[in-house]
Amino acid sequence: MKKIMILALIAVAFGMLSADISVLIRGESKASILKETTINSIRYVELNDFSTVFKAINRQDRCDGRIYLHLYDEQFIFLEASPYYSYKTESYNMHYALLRRGTKLYLPSLFVTEKLRTHFPKDVELKARVLSIAKPRDNSITTIVLDPGHGGKDPGAVGRKLKATEKELNLGVCLKLKTLLEKELGMKVLLTRSDDRFVSLQDRTKFANEKKADLFVSLHTNSSKSPAGKGLETYYLSTAQTSEARAVEAMENDVVERFEGGTTAKRKYDDLDFILSDLNQTENLESSNLLASNVQQNIVAGTKTLDRGVKQANFYVLRGAFMPSILVEMGFISNEEEEQLLVNEEYQNRLARTIFEGIKRFKFRYDRIRNT
Ligand SMILES: [Zn+2]
């Protein structure tokens with residue numbers, strides 16, 4: 001007996017003791033075991049193990065050492081080597097620092113057994129040393145907001161030869177894309193407008209955020225002063241990188257000054273909690289870029305249109321969206337040849353089909369990552 005106690009004391013002294021946390025998802029019969037590791041006498045769980053059991057998503061930003069954790073539709077931000085984390089704009093102290101050991105990140109067990117219960121009193125309970133938790137959300141991409149650019153009093157760009165309006169083409173392709181996403185992927189598809197009406201840029205992303213959309217896809221048609229300008233490009237949000245991208249950005253953002261109340265409205269967008277939206281966007285940049293690449297590659301391959309590539313720009317319409325978001329410029333309405341194609345029903349079908357294939361590819365890849 002004495003011997004065992006001594007051994008136990010030695011084990012504690014060397015930090016070798018570890019107990020594990022049992023987690024039972026309500027409605028399931030078998031508990032999962034969240035393995036604990038003792039580091040410097042403190043109990044930790046590996047962050048990836050935690051995410052697997054809780055179906056949470058974690059992402060590291062190697063630049064600023066931030067670690068984002070998404071759980072039950074909420075976001076936690078941790079800092080490497082710090083005991084502090086933020087949740088719903090408040091800062092909390094979990095007493096022990098989040099640690100890195102090689103490529104692995106370790107979260108103090110205390111966060112799991114104590115802190116989570118205070119943040120989610122209804123979803124997380126401790127019963128007889130077993131953590132009973134509400135069924136975590138299925139993280140698959142299910143809801144998409146399609147945004148046909150312009151509308152109503154704002155026609156967008158107008159064709160050189162046929163005088164086709166951008167707002168009409170954008171809506172045409174969006175409606176076709178909607179049918180494909182619903183029929184073939186069973187997705188929930190919402191449109192920022194489904195007829196010829198004016199919707200402000202802010203209301204478009206606000207709508208996507210309110211509906212808790214997983215993706216935001218804005219469709220536009222390009223225009224240039226030169227009738228020779230042609231091709232297809234896909235944007236995701238960031239500050240514009242090239243002067244050409246800046247020109248497209250200025251054109252699409254112009255609606256704010258022309259139709260939404262001039263410079264006062266523009267200032268409102270600039271002040272629009274920019275830091276906050278910027279912060280939320282950083283973690284979506286990588287996936288927005290991937291979505292943009294998948295869509296661009298598929299349209300170019302399927303339409304044989306000139307590939308102008310994936311670009312970054314600071315579109316107002318993408319700025320406020322808290323989900324992977326892209327803006328596709330489907331061709332130049334100012335180019336006679338492309339305008340002819342864009343008004344063609346068959347060509348619109350092909351555009352919708354190829355954008356659909358790009359989204360599908362992204363979804364399959366993303367769902368796998370988010371649910372394993
Ligand atoms: Zn446009």
# chains A, B, ... in the order shown; residues from 1 in each chain; ligands from 1
$ residues_near_ligand --ligand "ligand 1" --cutoff "6 Å" --atoms "only C-alpha atoms and all ligand atoms" --output "VMD selection string"
chain A and resid 149 156 220 to 221 252
$ residues_around --residues "Arg193 of chain A" --least-positions-apart "3" --cutoff "8 Å" --atoms "only C-alpha atoms" --output "number ranges by chain"
A: 147-148, 196-197, 199
$ write_last_selection --atoms "N, CA and C atoms" --output "short mmCIF file (atom, residue, chain, number, x, y, z; two decimals), in the first residue's frame"
data_model
loop_
_atom_site.label_atom_id
_atom_site.label_comp_id
_atom_site.auth_asym_id
_atom_site.auth_seq_id
_atom_site.Cartn_x
_atom_site.Cartn_y
_atom_site.Cartn_z
N ASP A 147 -25.70 36.50 -54.78
CA ASP A 147 -25.93 37.94 -54.84
C ASP A 147 -25.81 38.45 -56.28
N PRO A 148 -26.96 38.63 -56.97
CA PRO A 148 -26.89 39.19 -58.32
C PRO A 148 -26.59 40.69 -58.20
N ASP A 196 -35.97 42.57 -60.22
CA ASP A 196 -35.25 43.78 -60.57
C ASP A 196 -35.48 44.87 -59.52
N ARG A 197 -34.77 44.79 -58.42
CA ARG A 197 -34.92 45.82 -57.38
C ARG A 197 -33.56 46.26 -56.86
N VAL A 199 -30.90 46.93 -54.05
CA VAL A 199 -30.54 46.49 -52.69
C VAL A 199 -29.17 47.11 -52.39
#
$ residues_around --residues "Lys55 of chain A" --least-positions-apart "4" --cutoff "10 Å" --atoms "only C-alpha atoms" --output "PyMOL selection string"
chain A and resi 48-51+70-72+135-139+370-372
$ closest_residue --among "A:Thr38, A:Ile67, A:Leu47, A:Ile144" --to "Gly186 of chain A" --atoms "only C-alpha atoms"
A:Ile144
$ select_by_dssp --residues "segment 91-259 of chain A" --states "alpha helix (DSSP H)" --output "ChimeraX atom specification"
/A:109-110,116-119,166-185,201-210,243-259
$ atom_distance --atom1 "atom CA of Asp73 of chain A" --atom2 "atom CA of Glu182 of chain A"
23.8 Å
$ atom_distance --atom1 "atom CA of Leu232 of chain A" --atom2 "atom CA of Gly331 of chain A"
4.9 Å
$ select_by_dssp --residues "segment 104-297 of chain A" --states "strand (DSSP E)" --output "number ranges by chain"
A: 104-108, 124-127, 130-133, 143-148, 188-191, 215-222, 232-237
$ write_last_selection --atoms "C-alpha atoms" --output "PDB file, in the first residue's frame"
ATOM      1  CA  LYS A 104       0.538  20.306 -31.621  1.00  0.00           C
ATOM      2  CA  LEU A 105      -1.412  22.818 -29.557  1.00  0.00           C
ATOM      3  CA  TYR A 106      -2.531  22.023 -26.021  1.00  0.00           C
ATOM      4  CA  LEU A 107      -5.551  23.541 -24.334  1.00  0.00           C
ATOM      5  CA  PRO A 108      -5.730  23.480 -20.495  1.00  0.00           C
ATOM      6  CA  VAL A 124     -22.409  21.653 -21.516  1.00  0.00           C
ATOM      7  CA  GLU A 125     -22.988  20.020 -18.114  1.00  0.00           C
ATOM      8  CA  LEU A 126     -20.853  17.930 -15.799  1.00  0.00           C
ATOM      9  CA  LYS A 127     -22.679  14.861 -14.482  1.00  0.00           C
ATOM     10  CA  VAL A 130     -18.880  12.825 -17.398  1.00  0.00           C
ATOM     11  CA  LEU A 131     -19.218  15.927 -19.525  1.00  0.00           C
ATOM     12  CA  SER A 132     -22.636  15.815 -21.093  1.00  0.00           C
ATOM     13  CA  ILE A 133     -22.859  18.035 -24.164  1.00  0.00           C
ATOM     14  CA  THR A 143     -26.591  27.509 -46.856  1.00  0.00           C
ATOM     15  CA  ILE A 144     -25.381  29.766 -49.638  1.00  0.00           C
ATOM     16  CA  VAL A 145     -26.343  33.329 -50.442  1.00  0.00           C
ATOM     17  CA  LEU A 146     -26.177  34.257 -54.119  1.00  0.00           C
ATOM     18  CA  ASP A 147     -25.928  37.945 -54.842  1.00  0.00           C
ATOM     19  CA  PRO A 148     -26.890  39.194 -58.315  1.00  0.00           C
ATOM     20  CA  LYS A 188     -30.398  25.957 -49.095  1.00  0.00           C
ATOM     21  CA  VAL A 189     -30.006  28.833 -51.565  1.00  0.00           C
ATOM     22  CA  LEU A 190     -31.021  32.398 -50.733  1.00  0.00           C
ATOM     23  CA  LEU A 191     -30.857  35.364 -53.085  1.00  0.00           C
ATOM     24  CA  LEU A 215     -20.870  30.964 -48.439  1.00  0.00           C
ATOM     25  CA  PHE A 216     -21.496  34.253 -50.206  1.00  0.00           C
ATOM     26  CA  VAL A 217     -21.175  34.425 -53.994  1.00  0.00           C
ATOM     27  CA  SER A 218     -21.696  37.728 -55.799  1.00  0.00           C
ATOM     28  CA  LEU A 219     -22.079  37.672 -59.602  1.00  0.00           C
ATOM     29  CA  HIS A 220     -21.153  40.650 -61.780  1.00  0.00           C
ATOM     30  CA  THR A 221     -20.316  41.512 -65.351  1.00  0.00           C
ATOM     31  CA  ASN A 222     -17.254  43.560 -66.161  1.00  0.00           C
ATOM     32  CA  LEU A 232     -13.194  36.376 -66.731  1.00  0.00           C
ATOM     33  CA  GLU A 233     -11.936  37.014 -63.214  1.00  0.00           C
ATOM     34  CA  THR A 234     -12.842  36.051 -59.667  1.00  0.00           C
ATOM     35  CA  TYR A 235     -12.179  38.197 -56.633  1.00  0.00           C
ATOM     36  CA  TYR A 236     -11.958  37.634 -52.940  1.00  0.00           C
ATOM     37  CA  LEU A 237     -11.686  40.325 -50.325  1.00  0.00           C
TER      38      LEU A 237
END
$ residues_around --residues "Arg160 of chain A" --least-positions-apart "4" --cutoff "12 Å" --atoms "only C-alpha atoms" --output "VMD selection string"
chain A and resid 164 to 166 222 to 229 332 to 340
$ residues_around --residues "Val310 of chain A" --least-positions-apart "2" --cutoff "12 Å" --atoms "only C-alpha atoms" --output "mmCIF file with N, CA and C atoms, in the first residue's frame"
data_model
loop_
_atom_site.group_PDB
_atom_site.id
_atom_site.type_symbol
_atom_site.label_atom_id
_atom_site.label_comp_id
_atom_site.auth_asym_id
_atom_site.auth_seq_id
_atom_site.Cartn_x
_atom_site.Cartn_y
_atom_site.Cartn_z
ATOM 1 N N GLY A 231 -12.498 38.747 -70.943
ATOM 2 C CA GLY A 231 -12.057 37.691 -70.038
ATOM 3 C C GLY A 231 -12.832 37.658 -68.739
ATOM 4 N N LEU A 232 -12.435 36.704 -67.934
ATOM 5 C CA LEU A 232 -13.194 36.376 -66.731
ATOM 6 C C LEU A 232 -12.289 36.396 -65.506
ATOM 7 N N GLU A 233 -12.772 36.990 -64.413
ATOM 8 C CA GLU A 233 -11.936 37.014 -63.214
ATOM 9 C C GLU A 233 -12.770 36.832 -61.955
ATOM 10 N N THR A 234 -12.143 36.278 -60.928
ATOM 11 C CA THR A 234 -12.842 36.051 -59.667
ATOM 12 C C THR A 234 -12.061 36.730 -58.549
ATOM 13 N N TYR A 235 -12.808 37.439 -57.715
ATOM 14 C CA TYR A 235 -12.179 38.197 -56.633
ATOM 15 C C TYR A 235 -12.528 37.633 -55.274
ATOM 16 N N TYR A 236 -11.607 37.815 -54.352
ATOM 17 C CA TYR A 236 -11.958 37.634 -52.940
ATOM 18 C C TYR A 236 -11.439 38.852 -52.206
ATOM 19 N N LEU A 237 -11.939 39.067 -51.009
ATOM 20 C CA LEU A 237 -11.686 40.325 -50.325
ATOM 21 C C LEU A 237 -10.267 40.488 -49.779
ATOM 22 N N ALA A 240 -6.941 45.901 -52.610
ATOM 23 C CA ALA A 240 -6.621 45.621 -54.008
ATOM 24 C C ALA A 240 -5.117 45.598 -54.228
ATOM 25 N N GLN A 241 -4.650 44.602 -54.965
ATOM 26 C CA GLN A 241 -3.219 44.406 -55.138
ATOM 27 C C GLN A 241 -2.652 45.078 -56.386
ATOM 28 N N THR A 242 -3.469 45.248 -57.425
ATOM 29 C CA THR A 242 -2.940 45.833 -58.656
ATOM 30 C C THR A 242 -3.810 47.018 -59.053
ATOM 31 N N ALA A 245 -7.063 45.841 -60.591
ATOM 32 C CA ALA A 245 -8.016 45.357 -59.586
ATOM 33 C C ALA A 245 -8.642 46.547 -58.870
ATOM 34 N N SER A 288 -11.762 31.734 -48.769
ATOM 35 C CA SER A 288 -12.292 32.536 -49.870
ATOM 36 C C SER A 288 -11.397 32.395 -51.099
ATOM 37 N N ASN A 289 -10.099 32.386 -50.843
ATOM 38 C CA ASN A 289 -9.128 32.243 -51.926
ATOM 39 C C ASN A 289 -9.295 30.876 -52.606
ATOM 40 N N LEU A 290 -9.481 29.849 -51.797
ATOM 41 C CA LEU A 290 -9.660 28.495 -52.337
ATOM 42 C C LEU A 290 -10.960 28.396 -53.140
ATOM 43 N N LEU A 291 -12.026 28.982 -52.599
ATOM 44 C CA LEU A 291 -13.309 28.982 -53.311
ATOM 45 C C LEU A 291 -13.159 29.725 -54.645
ATOM 46 N N ALA A 292 -12.502 30.881 -54.595
ATOM 47 C CA ALA A 292 -12.288 31.680 -55.805
ATOM 48 C C ALA A 292 -11.511 30.874 -56.853
ATOM 49 N N SER A 293 -10.461 30.178 -56.421
ATOM 50 C CA SER A 293 -9.647 29.396 -57.360
ATOM 51 C C SER A 293 -10.463 28.273 -57.986
ATOM 52 N N ASN A 294 -11.226 27.554 -57.161
ATOM 53 C CA ASN A 294 -12.035 26.454 -57.694
ATOM 54 C C ASN A 294 -13.040 26.954 -58.719
ATOM 55 N N VAL A 295 -13.709 28.065 -58.405
ATOM 56 C CA VAL A 295 -14.714 28.608 -59.319
ATOM 57 C C VAL A 295 -14.054 29.110 -60.608
ATOM 58 N N GLN A 296 -12.997 29.884 -60.463
ATOM 59 C CA GLN A 296 -12.321 30.453 -61.634
ATOM 60 C C GLN A 296 -11.833 29.338 -62.571
ATOM 61 N N GLN A 297 -11.175 28.338 -62.016
ATOM 62 C CA GLN A 297 -10.642 27.235 -62.840
ATOM 63 C C GLN A 297 -11.753 26.535 -63.616
ATOM 64 N N ILE A 299 -14.819 27.710 -64.437
ATOM 65 C CA ILE A 299 -15.471 28.500 -65.491
ATOM 66 C C ILE A 299 -14.562 28.606 -66.710
ATOM 67 N N VAL A 300 -13.281 28.877 -66.446
ATOM 68 C CA VAL A 300 -12.353 29.045 -67.562
ATOM 69 C C VAL A 300 -12.283 27.761 -68.396
ATOM 70 N N ASP A 307 -8.647 33.737 -69.361
ATOM 71 C CA ASP A 307 -8.470 33.639 -67.912
ATOM 72 C C ASP A 307 -7.727 34.863 -67.373
ATOM 73 N N ARG A 308 -8.451 35.719 -66.663
ATOM 74 C CA ARG A 308 -7.802 36.889 -66.068
ATOM 75 C C ARG A 308 -7.377 36.612 -64.625
ATOM 76 N N GLN A 312 -7.409 39.873 -55.753
ATOM 77 C CA GLN A 312 -7.863 40.352 -54.454
ATOM 78 C C GLN A 312 -8.246 41.813 -54.574
ATOM 79 N N ALA A 313 -9.365 42.178 -53.998
ATOM 80 C CA ALA A 313 -9.751 43.586 -53.989
ATOM 81 C C ALA A 313 -10.639 43.834 -52.785
ATOM 82 N N ILE A 326 -16.878 35.420 -52.397
ATOM 83 C CA ILE A 326 -16.197 35.757 -53.647
ATOM 84 C C ILE A 326 -17.089 36.616 -54.534
ATOM 85 N N LEU A 327 -16.479 37.273 -55.487
ATOM 86 C CA LEU A 327 -17.204 38.073 -56.466
ATOM 87 C C LEU A 327 -16.675 37.676 -57.851
ATOM 88 N N VAL A 328 -17.586 37.201 -58.704
ATOM 89 C CA VAL A 328 -17.167 36.750 -60.032
ATOM 90 C C VAL A 328 -17.546 37.815 -61.062
ATOM 91 N N GLU A 329 -16.575 38.218 -61.867
ATOM 92 C CA GLU A 329 -16.839 39.106 -63.002
ATOM 93 C C GLU A 329 -16.891 38.181 -64.210
#
$ closest_residue --among "A:Lys176, A:Arg117, A:His150, A:Lys230" --to "Arg204 of chain A" --atoms "only C-alpha atoms"
A:His150
